[in-house]
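So this block is work_2.txt, compact mmCIF, C-alpha atoms:
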```
# COMPACT_ATOMS: atom_id res chain seq x y z
CA ILE A 374 -160.13 33.15 14.70
CA PHE A 375 -157.56 33.23 17.52
CA SER A 376 -159.08 36.44 18.91
CA TYR A 377 -162.51 34.83 19.09
CA ILE A 378 -161.05 31.79 20.87
CA ALA A 379 -159.14 34.01 23.31
CA CYS A 380 -162.30 36.02 24.08
CA PHE A 381 -164.27 32.80 24.59
CA TRP A 382 -161.77 31.37 27.07
CA PHE A 383 -161.47 34.71 28.88
CA ASN A 384 -165.24 34.80 29.30
CA LEU A 385 -165.29 31.18 30.46
CA GLU A 386 -162.39 31.58 32.89
CA TYR A 387 -163.34 34.90 34.47
CA ASN A 388 -167.10 34.95 33.86
CA THR A 389 -166.87 38.38 32.27
CA ASP A 390 -166.77 39.76 28.76
CA LEU A 391 -163.29 40.70 27.52
CA GLN A 392 -164.44 43.49 25.23
CA GLN A 393 -166.62 45.01 27.94
CA ASP A 394 -163.68 44.95 30.33
CA ILE A 395 -161.41 46.60 27.77
CA ASP A 396 -164.05 49.25 27.14
CA SER A 397 -164.53 50.04 30.83
CA GLU A 398 -160.92 49.76 32.03
CA THR A 399 -159.04 51.57 29.23
CA SER A 400 -159.53 54.73 27.22
CA GLY A 401 -158.63 56.68 24.09
CA HIS A 402 -156.76 55.24 21.16
CA PHE A 403 -155.20 52.58 23.38
CA ARG A 404 -158.70 51.25 24.08
CA ASP A 405 -159.72 51.51 20.41
CA THR A 406 -156.67 49.50 19.33
CA LEU A 407 -157.26 46.79 21.93
CA MET A 408 -160.91 46.58 20.89
CA ASN A 409 -159.90 46.25 17.25
CA LEU A 410 -157.53 43.40 18.08
CA ALA A 411 -160.12 41.65 20.26
CA GLN A 412 -162.66 41.72 17.44
CA GLY A 413 -160.37 39.56 15.29
CA THR A 414 -160.87 41.42 12.01
CA ARG A 415 -157.35 40.97 10.65
CA MET A 416 -157.27 39.72 7.06
CA GLU A 417 -155.53 36.38 6.58
CA GLY A 418 -153.26 35.35 3.74
CA TYR A 419 -153.97 38.41 1.61
CA ALA A 420 -151.35 40.78 0.24
CA ASP A 421 -151.68 43.58 -2.31
CA PRO A 422 -148.35 45.12 -3.36
CA SER A 423 -150.15 47.95 -5.16
CA THR A 424 -151.53 49.33 -1.89
CA ALA A 425 -148.46 48.74 0.30
CA ALA A 426 -146.91 52.11 -0.56
CA GLN A 427 -150.22 53.84 0.08
CA ASP A 428 -150.54 52.21 3.51
CA ALA A 429 -146.93 53.11 4.28
CA MET A 430 -147.58 56.75 3.43
CA ILE A 431 -150.59 56.77 5.76
CA LEU A 432 -148.43 55.36 8.56
CA TRP A 433 -145.73 57.93 7.92
CA GLU A 434 -148.27 60.77 7.98
CA ALA A 435 -149.72 59.35 11.21
CA CYS A 436 -146.28 59.56 12.80
CA GLN A 437 -145.87 63.15 11.61
CA GLN A 438 -149.33 64.62 12.20
CA LYS A 439 -150.51 62.64 15.25
CA THR A 440 -154.10 63.87 14.99
CA GLY A 441 -156.96 61.71 16.20
CA GLU A 442 -157.86 60.81 12.61
CA HIS A 443 -154.28 59.80 11.83
CA LYS A 444 -154.08 57.67 15.00
CA ASN A 445 -157.27 55.90 13.93
CA MET A 446 -155.81 55.13 10.50
CA LEU A 447 -152.56 53.94 12.07
CA GLN A 448 -154.23 51.44 14.37
CA MET A 449 -156.69 50.33 11.68
CA ILE A 450 -153.85 49.39 9.31
CA LEU A 451 -151.80 47.63 11.99
CA CYS A 452 -154.80 45.70 13.35
CA ASN A 453 -156.57 44.74 10.12
CA ARG A 454 -154.00 44.21 7.36
CA SER A 455 -152.68 40.68 6.91
CA HIS A 456 -149.21 39.79 8.12
CA GLN A 457 -148.05 39.40 4.54
CA GLN A 458 -149.39 42.84 3.64
CA LEU A 459 -147.78 44.50 6.66
CA TRP A 460 -144.39 43.01 5.81
CA MET A 461 -144.53 44.90 2.51
CA VAL A 462 -145.91 48.01 4.21
CA PHE A 463 -143.00 48.10 6.66
CA GLN A 464 -140.51 47.81 3.80
CA GLU A 465 -142.22 50.66 1.95
CA PHE A 466 -142.26 52.73 5.14
CA GLN A 467 -138.48 52.36 5.37
CA LYS A 468 -138.11 53.57 1.77
CA ILE A 469 -140.42 56.55 2.25
CA SER A 470 -139.15 57.76 5.62
CA GLY A 471 -135.61 56.37 5.78
CA GLN A 472 -136.53 55.06 9.21
CA ASP A 473 -137.64 51.79 10.72
CA ILE A 474 -141.29 51.92 11.73
CA VAL A 475 -140.54 50.89 15.33
CA ASP A 476 -138.11 53.79 15.70
CA ALA A 477 -140.67 56.15 14.17
CA ILE A 478 -143.41 55.00 16.55
CA ASN A 479 -141.09 55.33 19.55
CA GLU A 480 -140.19 58.88 18.53
CA CYS A 481 -143.70 60.06 17.79
CA TYR A 482 -145.83 58.43 20.49
CA ASP A 483 -145.58 57.52 24.14
CA GLY A 484 -147.40 55.68 26.89
CA TYR A 485 -149.49 52.54 26.54
CA PHE A 486 -150.54 53.42 22.98
CA GLN A 487 -146.91 53.50 21.86
CA GLU A 488 -146.09 50.24 23.66
CA LEU A 489 -149.06 48.50 22.07
CA LEU A 490 -148.21 49.67 18.55
CA VAL A 491 -144.61 48.49 18.93
CA ALA A 492 -145.80 45.13 20.28
CA ILE A 493 -148.03 44.65 17.23
CA VAL A 494 -145.17 45.44 14.82
CA LEU A 495 -142.69 43.18 16.62
CA CYS A 496 -145.15 40.28 16.77
CA ILE A 497 -145.86 40.56 13.07
CA ARG A 498 -142.16 40.60 12.22
CA ASP A 499 -141.02 37.78 14.49
CA LYS A 500 -143.19 36.58 17.36
CA PRO A 501 -140.48 34.48 19.11
CA SER A 502 -138.17 37.52 19.15
CA TYR A 503 -140.93 39.62 20.68
CA PHE A 504 -141.50 37.14 23.50
CA ALA A 505 -137.73 36.83 24.05
CA TYR A 506 -137.65 40.63 24.39
CA ARG A 507 -140.56 40.56 26.88
CA LEU A 508 -138.89 37.83 28.93
CA TYR A 509 -135.57 39.64 29.04
CA ASN A 510 -137.22 42.85 30.24
CA ALA A 511 -139.28 40.97 32.81
CA ILE A 512 -136.18 39.25 34.18
CA HIS A 513 -133.68 42.11 34.03
CA ASP A 514 -135.48 45.44 34.01
CA PHE A 515 -138.31 44.96 36.49
CA GLY A 516 -136.73 42.99 39.30
CA PHE A 517 -137.95 39.67 37.92
CA HIS A 518 -141.57 40.32 37.09
CA ASN A 519 -142.92 36.90 38.05
CA LYS A 520 -146.35 37.12 36.42
CA THR A 521 -144.93 38.06 33.02
CA VAL A 522 -142.36 35.24 33.07
CA ILE A 523 -144.94 32.66 34.17
CA ARG A 524 -147.54 33.80 31.65
CA ILE A 525 -145.16 33.69 28.68
CA LEU A 526 -143.52 30.38 29.57
CA ILE A 527 -146.81 28.59 30.14
CA ALA A 528 -148.66 30.15 27.20
CA ARG A 529 -145.86 29.44 24.71
CA SER A 530 -144.57 26.15 26.15
CA GLU A 531 -146.41 24.01 23.59
CA ILE A 532 -146.27 26.53 20.73
CA ASP A 533 -142.86 28.11 20.10
CA LEU A 534 -140.88 28.13 23.34
CA MET A 535 -137.92 26.43 21.66
CA ASN A 536 -137.79 29.24 19.10
CA ILE A 537 -138.12 31.84 21.86
CA ARG A 538 -135.20 30.25 23.71
CA GLN A 539 -133.12 30.35 20.54
CA ARG A 540 -133.90 34.03 19.87
CA TYR A 541 -133.18 34.87 23.52
CA LYS A 542 -129.72 33.34 23.40
CA GLU A 543 -128.92 34.86 20.01
CA ARG A 544 -129.93 38.35 21.09
CA TYR A 545 -128.72 38.51 24.68
CA GLY A 546 -125.75 36.13 24.78
CA LYS A 547 -127.09 34.12 27.72
CA SER A 548 -129.64 31.34 27.61
CA LEU A 549 -133.09 31.84 29.09
CA PHE A 550 -132.39 28.82 31.28
CA HIS A 551 -129.24 30.52 32.61
CA ASP A 552 -131.01 33.79 33.45
CA ILE A 553 -133.93 32.09 35.19
CA LYS A 554 -131.51 30.03 37.26
CA HIS A 555 -129.56 33.19 38.13
CA PHE A 556 -132.52 35.37 39.15
CA ALA A 557 -135.07 32.89 40.60
CA SER A 558 -134.74 30.55 43.55
CA GLY A 559 -136.33 27.67 45.41
CA HIS A 560 -139.36 25.74 44.17
CA TYR A 561 -140.29 28.68 41.95
CA GLU A 562 -136.96 28.35 40.15
CA SER A 563 -137.39 24.60 39.78
CA ALA A 564 -140.86 24.97 38.29
CA LEU A 565 -139.77 27.59 35.77
CA LEU A 566 -136.70 25.60 34.76
CA ALA A 567 -138.86 22.51 34.27
CA ILE A 568 -141.11 24.44 31.87
CA CYS A 569 -138.18 26.09 30.13
CA ALA A 570 -136.14 22.89 29.89
CA GLY A 571 -132.60 23.38 28.66
CA ASP A 572 -129.65 22.06 26.77
CA THR A 573 -126.47 20.82 28.40
CA GLU A 574 -124.65 24.06 27.69
CA ASP A 575 -127.37 26.02 29.49
CA TYR A 576 -126.45 24.66 32.91
```

Let me see the file written as structure tokens.
Amino acid sequence: IFSYIACFWFNLEYNTDLQQDIDSETSGHFRDTLMNLAQGTRMEGYADPSTAAQDAMILWEACQQKTGEHKNMLQMILCNRSHQQLWMVFQEFQKISGQDIVDAINECYDGYFQELLVAIVLCIRDKPSYFAYRLYNAIHDFGFHNKTVIRILIARSEIDLMNIRQRYKERYGKSLFHDIKHFASGHYESALLAICAGDTEDY
């Protein structure tokens, strides 16, 4: 449902079709995965323990073989299985391979396809932690990537920004408020801090 809403607002805002833009501007398995996500075909609230091990084996084989067919199966499972199902699949993957699925993906793939697969896994596991990770990278690793910081803060401000702030501080030792204040300046800093808000100990 969310994918359909996102596509609708994209079309309304930019007067263009999101799926057509994905199709024309991207390529390969990266494009196929984005298209799958945009179509909103993920199952909701369904979990089948009997197939979790089977799905995990397919994912493990996809990380070993890396053929086009295996990549298709990998993205189909990650884009279409329910969150509850994928939680079990990730646990089974750890048992089968002795490795966390994120580490396996990072070892076996690269480029935009790898980044997208990791993003899907991290969002399924803990969405606030994923956005905390994105914010930290945008602030520290890319010379304060303004668009990323703005997009996340505004998009999540009325959803789970408090949880994102909590994960950020737990993981990186400094509050999000502190890091924005340290790296931004002027009216831009003031606007971001107003969105972020902050506790007394953040100042």

Interatomic distance, atom CA of A:Leu490 to atom CA of A:Gly546 (Å, one decimal):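 One can read the atom CA of A:Leu490 to atom CA of A:Gly546 distance as 27.0 Å.
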
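Shortest separation to A:Glu465 among A:Pro501, A:Pro422, A:Gly413, A:Gly441 occurs at residue A:Pro422, atoms counted being all atoms listed in the file.
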
By how many Å are atom CA of A:Glu531 and atom CA of A:Cys452 apart?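 Distance between the two atoms: 25.4 Å.
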
Go through A:Tyr509, A:Phe504, A:Phe403, A:Tyr419 and flag the residue nearest A:Trp460, using all atoms listed in the file for the distances. A:Tyr419

Neighbours of stretch 521-527 of chain A within 10 Å (only C-alpha atoms; same-chain residues fewer than 6 positions away dropped), as a list in words?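 Near stretch 521-527 of chain A, the qualifying residues are Phe504, Ala505, Arg507, Leu508, Tyr509, Asn510, Ala511, Ile512, Asp533, Leu534, Ile537, Ile553, Tyr561, Ala564, Leu565, Leu566, Ile568 and Cys569 of chain A.
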
Residues just named, written with C-alpha atoms as a PDB file, keeping the file's coordinate frame:
```pdb
ATOM      1  CA  PHE A 504    -141.500  37.140  23.500  1.00  0.00           C
ATOM      2  CA  ALA A 505    -137.730  36.830  24.050  1.00  0.00           C
ATOM      3  CA  ARG A 507    -140.560  40.560  26.880  1.00  0.00           C
ATOM      4  CA  LEU A 508    -138.890  37.830  28.930  1.00  0.00           C
ATOM      5  CA  TYR A 509    -135.570  39.640  29.040  1.00  0.00           C
ATOM      6  CA  ASN A 510    -137.220  42.850  30.240  1.00  0.00           C
ATOM      7  CA  ALA A 511    -139.280  40.970  32.810  1.00  0.00           C
ATOM      8  CA  ILE A 512    -136.180  39.250  34.180  1.00  0.00           C
ATOM      9  CA  ASP A 533    -142.860  28.110  20.100  1.00  0.00           C
ATOM     10  CA  LEU A 534    -140.880  28.130  23.340  1.00  0.00           C
ATOM     11  CA  ILE A 537    -138.120  31.840  21.860  1.00  0.00           C
ATOM     12  CA  ILE A 553    -133.930  32.090  35.190  1.00  0.00           C
ATOM     13  CA  TYR A 561    -140.290  28.680  41.950  1.00  0.00           C
ATOM     14  CA  ALA A 564    -140.860  24.970  38.290  1.00  0.00           C
ATOM     15  CA  LEU A 565    -139.770  27.590  35.770  1.00  0.00           C
ATOM     16  CA  LEU A 566    -136.700  25.600  34.760  1.00  0.00           C
ATOM     17  CA  ILE A 568    -141.110  24.440  31.870  1.00  0.00           C
ATOM     18  CA  CYS A 569    -138.180  26.090  30.130  1.00  0.00           C
TER      19      CYS A 569
END
```

Measure the distance from atom CA of A:Asp405 to atom CA of A:Ala425 in Å and round it to one decimal.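 It comes out at 23.2 Å.
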
Residue among A:Lys542, A:Lys444, A:Arg454, A:Lys500 lying closest to A:Phe486, counting all atoms listed in the file: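 Among the listed residues, A:Lys444 lies closest to A:Phe486.
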
So which residues are close to (-158.7, 43.7, 16.4), meaning at most 10 Å away in the file's coordinates with all atoms listed in the file counted, and can you show them as number ranges by chain? A: 376, 405-415, 448-449, 451-453

Hey, which of A:Glu434, A:Glu480, A:Asp473, A:Asp514 ends up closest to A:Val494? Count only C-alpha atoms.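 Checking each of A:Glu434, A:Glu480, A:Asp473, A:Asp514 against A:Val494, counting only C-alpha atoms, the winner is A:Asp473.
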
Nearest to A:Ser455 by atom-to-atom distance, counting only C-alpha atoms, from A:Ser400, A:Asp390, A:Ile497, A:Ala528: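 Looking only at the distances to A:Ser455, the closest residue turns out to be A:Ile497.
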
With distances taken over all atoms listed in the file, which residue among A:Gln487, A:Arg544, A:His456, A:Glu562 lies nearest A:Asn519?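 Distance minimum relative to A:Asn519 lands on A:Glu562.
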
Counting only C-alpha atoms, which residues come within 12 Å of (-147.6, 51.2, -3.1), with the point read in the file's coordinates, and could you list them as a PyMOL selection string? chain A and resi 420-431+458-459+461-466+468-469
